[in-house]
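Participant: Before anything else, here's the structure in question.
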Amino acid sequence: MRWFGVSYVLTVVGLLVALGASHPVSAHEDISTREMVIDPPVRVTLRPDGGERVDGDLLRYDTATLTVQPRDGDALKVPWASIRAARALWIFERTLDHDDARGWFEAAVLLFAYPDQRNEGERALTRALRADPSLEPLAEAVRAGEVVAWPDPHAEPVDADAHEDAETDQEQSPATADAEGRHANVVPQNVGELQAQFWGDLSPELMSSSVEELKQEAQQAQQEMGLQLRLYEDDNFLVYTDLPAKEAKNWTGLLDDMYERLIETFDLPKGKNIFRGKCLIYILRDQSDYYRLCAVALKFNAMGSAGVCQSRGDGYAVVAFYRQPNTLDFAHVLVHEAVHAFVHRYRSHPFIPSWVNEGLAEHIAHKLVQNRGFGQSNFASNEHDARRWLRHYGSMRGMFNARPIAGWQYPVAGQLCGFMIAQSPKRYKAFIDALKDGKPWSVALVEDYGITPERLAEAFGESIDVRDLRP
């Protein structure tokens, strides 16, 4: 059995359940969570929400849903929250190895979220501690009801008393890996030492030389891979792809729409190029070529991801994807990751909080994919499920301070971003500007947007019919 770390890129390990009814799934699952492939499949019988029985083979699961293949028909995606805690533990007992400390720890976090759990969560914690006794401090936090992520072995210790100050510096670390080389967290990649001189208005000479430098980098990557890519260049993007010309032009058009939407959101002059040179984008037809390109050009193990944005300290922004079979999902990921590149270059170099960064990326991707007629992707915000989740807990479970946010918080952050912009585009821009000027998010929210975190959570909750929502 294998866990796959995955991202939006974006992205992150979701540790809690998503609420909602079972529904057919496509070949590619939600990339905001880690996924476990069950090989060979395990025979299961489930009754989601106490309703009709689902009898079939358990093929895989992530931290939000289980994928079951019935004897007849399409595979079904069954939310963990729709089955009882005892049944969830039964599944873990048949799919996790006894010495899988991480698997049992994350199972415990999920089980403790169940309202009907009695001692199932504690039983999972006991197994995690048997495999790794050093987890005891984290186990105590889980018992206390905290949302605890699997520890990043490369992360610097964080002083809890200095947490508020640290939020202004919260540059996300590159993807970290456990002992088997699998991703623990995949977030927007910040690479290289910061060189502040490459932000702001750059000279025409530097812009021109930067474009040539990026083209040389892309050419070298192709030579090392033995792959020929076609270049589609416009005012803001260098798109290298092996897709057919008609499709490639469709995706470059979507990128241009995204850029215009962000230029309008942040009230920038029409036609302004905020990138150093241009944004370098790779779109590969085959997943295996995407993995190879990330290894060659980005020096990044992309296994399990669908796309990644690399934000470099020298001011460059590089984004890579593979063309997923599901067009809606690919469109969403394409825009989401490209938004990260824009945010990296906007105004100045400070890295903004995860809930703001991912929320804006989700909001813009959701709107553009719908507006261009693609419809609703599997990765897009699901307002109904988000409301049910928030009602279940009565809070956003510390999303404002999460670094990075969990998978289930993506649709929440996206809807919250849309709510803030709808209330006042001008104040939202002032809030982002303040973050980019180095203010802590909690100070910028009050001073520049004009609301406290508590009142924002409450007002947002009221807008989606979730009363008394807490941060």
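Identifiers for the structure tokens are assigned positionally: chains receive A, B, ... in sequence, residues are indexed from 1 per chain, and ligands are indexed from 1 in the order shown.
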Hey, what's within 10 Å of A:Phe342 if we count only C-alpha atoms and toss same-chain stuff fewer than 5 positions away? As a list of chain:residue names, please?

Facilitator: A:Met258, A:Tyr259, A:Leu262, A:Ile263, A:Asn273, A:Ile274, A:Phe275, A:Cys279, A:Ser311, A:Ala317, A:Glu337, A:Arg347, A:Ala361

Participant: Which residues of stretch 252-339 of chain A come within 12 Å of stretch 351-359 of chain A, and what is each one's closest atom pair and distance in Å (one decimal), counting only C-alpha atoms, sorted by chain and residue number, as a Markdown table?

Facilitator:
```
| residue | atom | partner | partner_atom | distance |
| --- | --- | --- | --- | --- |
| A:Ser311 | CA | A:Phe351 | CA | 9.7 |
| A:Arg312 | CA | A:Phe351 | CA | 11.4 |
| A:Gly313 | CA | A:Phe351 | CA | 10.9 |
| A:Val333 | CA | A:Glu358 | CA | 11.7 |
| A:Val335 | CA | A:Glu358 | CA | 11.7 |
| A:His336 | CA | A:Glu358 | CA | 8.1 |
| A:Glu337 | CA | A:Glu358 | CA | 9.3 |
| A:Ala338 | CA | A:Glu358 | CA | 11.5 |
| A:Val339 | CA | A:Asn357 | CA | 8.6 |
```

Participant: Restrict the selected residues to N, CA and C atoms and save them as a PDB file, in the first residue's frame.

Facilitator:
```
ATOM      1  N   SER A 311       8.379  29.763  -6.684  1.00  0.00           N
ATOM      2  CA  SER A 311       8.624  31.193  -6.490  1.00  0.00           C
ATOM      3  C   SER A 311      10.076  31.357  -6.053  1.00  0.00           C
ATOM      4  N   ARG A 312      10.874  31.990  -6.867  1.00  0.00           N
ATOM      5  CA  ARG A 312      12.314  32.039  -6.628  1.00  0.00           C
ATOM      6  C   ARG A 312      12.738  33.350  -5.985  1.00  0.00           C
ATOM      7  N   GLY A 313      13.765  33.242  -5.169  1.00  0.00           N
ATOM      8  CA  GLY A 313      14.276  34.419  -4.475  1.00  0.00           C
ATOM      9  C   GLY A 313      14.854  35.461  -5.403  1.00  0.00           C
ATOM     10  N   VAL A 333      -6.539  23.747 -11.845  1.00  0.00           N
ATOM     11  CA  VAL A 333      -5.164  23.700 -11.347  1.00  0.00           C
ATOM     12  C   VAL A 333      -4.282  24.701 -12.085  1.00  0.00           C
ATOM     13  N   VAL A 335      -5.041  27.608 -13.440  1.00  0.00           N
ATOM     14  CA  VAL A 335      -5.256  28.969 -12.941  1.00  0.00           C
ATOM     15  C   VAL A 335      -4.764  29.098 -11.501  1.00  0.00           C
ATOM     16  N   HIS A 336      -5.076  28.115 -10.666  1.00  0.00           N
ATOM     17  CA  HIS A 336      -4.692  28.167  -9.254  1.00  0.00           C
ATOM     18  C   HIS A 336      -3.192  28.390  -9.099  1.00  0.00           C
ATOM     19  N   GLU A 337      -2.389  27.582  -9.788  1.00  0.00           N
ATOM     20  CA  GLU A 337      -0.942  27.703  -9.633  1.00  0.00           C
ATOM     21  C   GLU A 337      -0.412  28.995 -10.239  1.00  0.00           C
ATOM     22  N   ALA A 338      -0.999  29.439 -11.357  1.00  0.00           N
ATOM     23  CA  ALA A 338      -0.563  30.685 -11.976  1.00  0.00           C
ATOM     24  C   ALA A 338      -0.878  31.889 -11.088  1.00  0.00           C
ATOM     25  N   VAL A 339      -1.966  31.815 -10.324  1.00  0.00           N
ATOM     26  CA  VAL A 339      -2.271  32.887  -9.367  1.00  0.00           C
ATOM     27  C   VAL A 339      -1.162  32.983  -8.322  1.00  0.00           C
TER      28      VAL A 339
END
```

Participant: Hey, which of A:Asp74, A:Ile83, A:Tyr114, A:Trp389 ends up closest to A:Arg53? Count only C-alpha atoms.

Facilitator: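 Nearest candidate to A:Arg53 out of A:Asp74, A:Ile83, A:Tyr114, A:Trp389: A:Ile83.
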
Participant: Return the single residue from A:Gly414, A:Lys270, A:Arg276, A:Glu233 that is closest to A:Ser209, with distances computed using only C-alpha atoms.

Facilitator: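 Looking at the shortest contact to A:Ser209, the residue is A:Arg276.
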
Participant: Would you compute the distance between atom CA of A:Leu268 and atom CA of A:Met207? Give it in Å to one decimal.

Facilitator: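 So the two atoms, atom CA of A:Leu268 and atom CA of A:Met207, lie 18.3 Å apart.
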
Participant: Using only C-alpha atoms, which of the listed residues (A:Ile432, A:Phe400, A:Arg391, A:Gln409) sits closest to A:Leu469?

Facilitator: A:Arg391

Participant: So which residues of stretch 280-328 of chain A fall under strand (DSSP E or B) by DSSP, listed as a list in words?

Facilitator: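 Listing strand (DSSP E or B) positions across stretch 280-328 of chain A yields Leu280, Ile281, Tyr282, Ile283, Leu284, Gly307, Val308, Cys309, Gln310, Ser311, Arg312, Ala317, Val318, Val319, Ala320, Phe321 and Tyr322 of chain A.
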
Participant: Nearest to A:Ala430: which of A:Leu138, A:Ile281, A:Val446, A:Leu129 is it, counting only C-alpha atoms?

Facilitator: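 Among A:Leu138, A:Ile281, A:Val446, A:Leu129, it is A:Val446 that comes nearest to A:Ala430.
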
Participant: If you measure from atom CA of A:Tyr290 to atom CA of A:Ala306, what distance in Å do you get, rounded to one decimal?

Facilitator: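 According to the coordinates, atom CA of A:Tyr290 and atom CA of A:Ala306 are separated by 8.6 Å.
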
Participant: State, in Å with one decimal place, the distance from atom CA of A:Leu111 to atom CA of A:Arg403.

Facilitator: 22.1 Å

Participant: Looking at only C-alpha atoms, which of A:Asp256, A:Asp433, A:Asp329, A:Glu247 is the one that sits closest to A:Asp234?

Facilitator: A:Asp256

Participant: Using backbone DSSP assignments, extract all alpha helix (DSSP H) residues from stretch 20-155 of chain A; output them as a PyMOL selection string.

Facilitator: chain A and resi 85-95+101-112+120-131+136-143

Participant: With N, CA and C atoms kept, could you save the residues just selected as a short mmCIF file (atom, residue, chain, number, x, y, z; two decimals), in the first residue's frame?

Facilitator:
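Wrote selection_24.cif, looks like this:
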```cif
data_model
loop_
_atom_site.label_atom_id
_atom_site.label_comp_id
_atom_site.auth_asym_id
_atom_site.auth_seq_id
_atom_site.Cartn_x
_atom_site.Cartn_y
_atom_site.Cartn_z
N ALA A 85 -17.58 5.99 13.16
CA ALA A 85 -16.18 5.92 13.59
C ALA A 85 -15.70 4.49 13.71
N ALA A 86 -16.54 3.60 14.23
CA ALA A 86 -16.14 2.20 14.39
C ALA A 86 -15.83 1.57 13.04
N ARG A 87 -16.61 1.92 12.03
CA ARG A 87 -16.36 1.37 10.70
C ARG A 87 -15.07 1.94 10.12
N ALA A 88 -14.82 3.22 10.38
CA ALA A 88 -13.58 3.83 9.90
C ALA A 88 -12.37 3.13 10.51
N LEU A 89 -12.43 2.86 11.82
CA LEU A 89 -11.33 2.16 12.47
C LEU A 89 -11.14 0.77 11.87
N TRP A 90 -12.24 0.09 11.59
CA TRP A 90 -12.18 -1.22 10.97
C TRP A 90 -11.41 -1.17 9.65
N ILE A 91 -11.64 -0.11 8.87
CA ILE A 91 -10.94 0.05 7.60
C ILE A 91 -9.45 0.29 7.82
N PHE A 92 -9.12 1.14 8.77
CA PHE A 92 -7.71 1.39 9.05
C PHE A 92 -7.00 0.12 9.51
N GLU A 93 -7.67 -0.67 10.31
CA GLU A 93 -7.07 -1.90 10.81
C GLU A 93 -6.74 -2.87 9.68
N ARG A 94 -7.45 -2.79 8.58
CA ARG A 94 -7.22 -3.70 7.47
C ARG A 94 -6.36 -3.12 6.37
N THR A 95 -5.97 -1.87 6.51
CA THR A 95 -5.19 -1.24 5.43
C THR A 95 -3.87 -0.62 5.89
N ALA A 101 3.65 4.56 11.73
CA ALA A 101 3.37 5.59 12.75
C ALA A 101 2.57 6.74 12.16
N ARG A 102 2.98 7.20 10.99
CA ARG A 102 2.29 8.34 10.40
C ARG A 102 0.86 7.99 10.02
N GLY A 103 0.69 6.80 9.39
CA GLY A 103 -0.65 6.40 9.00
C GLY A 103 -1.60 6.34 10.18
N TRP A 104 -1.16 5.73 11.29
CA TRP A 104 -2.01 5.62 12.47
C TRP A 104 -2.21 6.98 13.15
N PHE A 105 -1.21 7.83 13.12
CA PHE A 105 -1.36 9.16 13.71
C PHE A 105 -2.43 9.95 12.95
N GLU A 106 -2.36 9.97 11.62
CA GLU A 106 -3.34 10.72 10.84
C GLU A 106 -4.72 10.08 10.92
N ALA A 107 -4.76 8.74 11.07
CA ALA A 107 -6.04 8.08 11.30
C ALA A 107 -6.64 8.56 12.61
N ALA A 108 -5.80 8.72 13.64
CA ALA A 108 -6.28 9.20 14.94
C ALA A 108 -6.85 10.61 14.84
N VAL A 109 -6.16 11.49 14.12
CA VAL A 109 -6.65 12.85 13.94
C VAL A 109 -8.03 12.83 13.29
N LEU A 110 -8.19 11.99 12.28
CA LEU A 110 -9.49 11.89 11.61
C LEU A 110 -10.55 11.33 12.55
N LEU A 111 -10.19 10.27 13.30
CA LEU A 111 -11.17 9.62 14.17
C LEU A 111 -11.61 10.53 15.31
N PHE A 112 -10.70 11.33 15.86
CA PHE A 112 -11.07 12.24 16.94
C PHE A 112 -12.06 13.30 16.48
N GLU A 120 -12.26 4.99 19.57
CA GLU A 120 -11.59 4.65 18.32
C GLU A 120 -10.36 5.54 18.09
N GLY A 121 -10.48 6.83 18.37
CA GLY A 121 -9.34 7.71 18.20
C GLY A 121 -8.18 7.34 19.11
N GLU A 122 -8.49 7.00 20.34
CA GLU A 122 -7.45 6.62 21.28
C GLU A 122 -6.77 5.32 20.86
N ARG A 123 -7.53 4.40 20.31
CA ARG A 123 -6.94 3.15 19.85
C ARG A 123 -5.96 3.40 18.70
N ALA A 124 -6.32 4.32 17.80
CA ALA A 124 -5.41 4.66 16.71
C ALA A 124 -4.15 5.34 17.24
N LEU A 125 -4.32 6.25 18.22
CA LEU A 125 -3.16 6.90 18.82
C LEU A 125 -2.24 5.89 19.49
N THR A 126 -2.82 4.93 20.17
CA THR A 126 -2.02 3.90 20.84
C THR A 126 -1.14 3.17 19.83
N ARG A 127 -1.68 2.84 18.69
CA ARG A 127 -0.90 2.15 17.67
C ARG A 127 0.19 3.06 17.10
N ALA A 128 -0.13 4.36 16.93
CA ALA A 128 0.88 5.29 16.44
C ALA A 128 2.03 5.40 17.43
N LEU A 129 1.71 5.44 18.73
CA LEU A 129 2.74 5.59 19.76
C LEU A 129 3.57 4.32 19.91
N ARG A 130 2.97 3.18 19.67
CA ARG A 130 3.76 1.94 19.69
C ARG A 130 4.82 1.96 18.59
N ALA A 131 4.44 2.49 17.44
CA ALA A 131 5.37 2.56 16.32
C ALA A 131 6.41 3.66 16.51
N GLU A 136 4.33 11.32 21.51
CA GLU A 136 3.49 11.56 22.68
C GLU A 136 3.05 13.02 22.83
N PRO A 137 3.96 14.03 22.67
CA PRO A 137 3.49 15.42 22.79
C PRO A 137 2.40 15.77 21.76
N LEU A 138 2.55 15.27 20.54
CA LEU A 138 1.53 15.52 19.52
C LEU A 138 0.24 14.78 19.85
N ALA A 139 0.37 13.59 20.42
CA ALA A 139 -0.81 12.83 20.80
C ALA A 139 -1.63 13.59 21.83
N GLU A 140 -0.96 14.23 22.79
CA GLU A 140 -1.67 15.01 23.80
C GLU A 140 -2.42 16.17 23.15
N ALA A 141 -1.82 16.78 22.14
CA ALA A 141 -2.50 17.88 21.45
C ALA A 141 -3.74 17.37 20.72
N VAL A 142 -3.64 16.20 20.10
CA VAL A 142 -4.80 15.62 19.42
C VAL A 142 -5.90 15.33 20.42
N ARG A 143 -5.54 14.77 21.58
CA ARG A 143 -6.55 14.48 22.61
C ARG A 143 -7.24 15.76 23.10
#
```

Participant: What lies within 9 Å of stretch 218-221 of chain A using only C-alpha atoms, ignoring chain neighbours under 5 positions off, as a PyMOL selection string?

Facilitator: chain A and resi 213+226-229+240+280+282+293+296-297

Participant: Between A:His332, A:Val318, A:Arg397, A:Pro40, which one has atoms that come closest to A:Gln370, using only C-alpha atoms?

Facilitator: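 For A:Gln370, the nearest of the candidates is A:His332.
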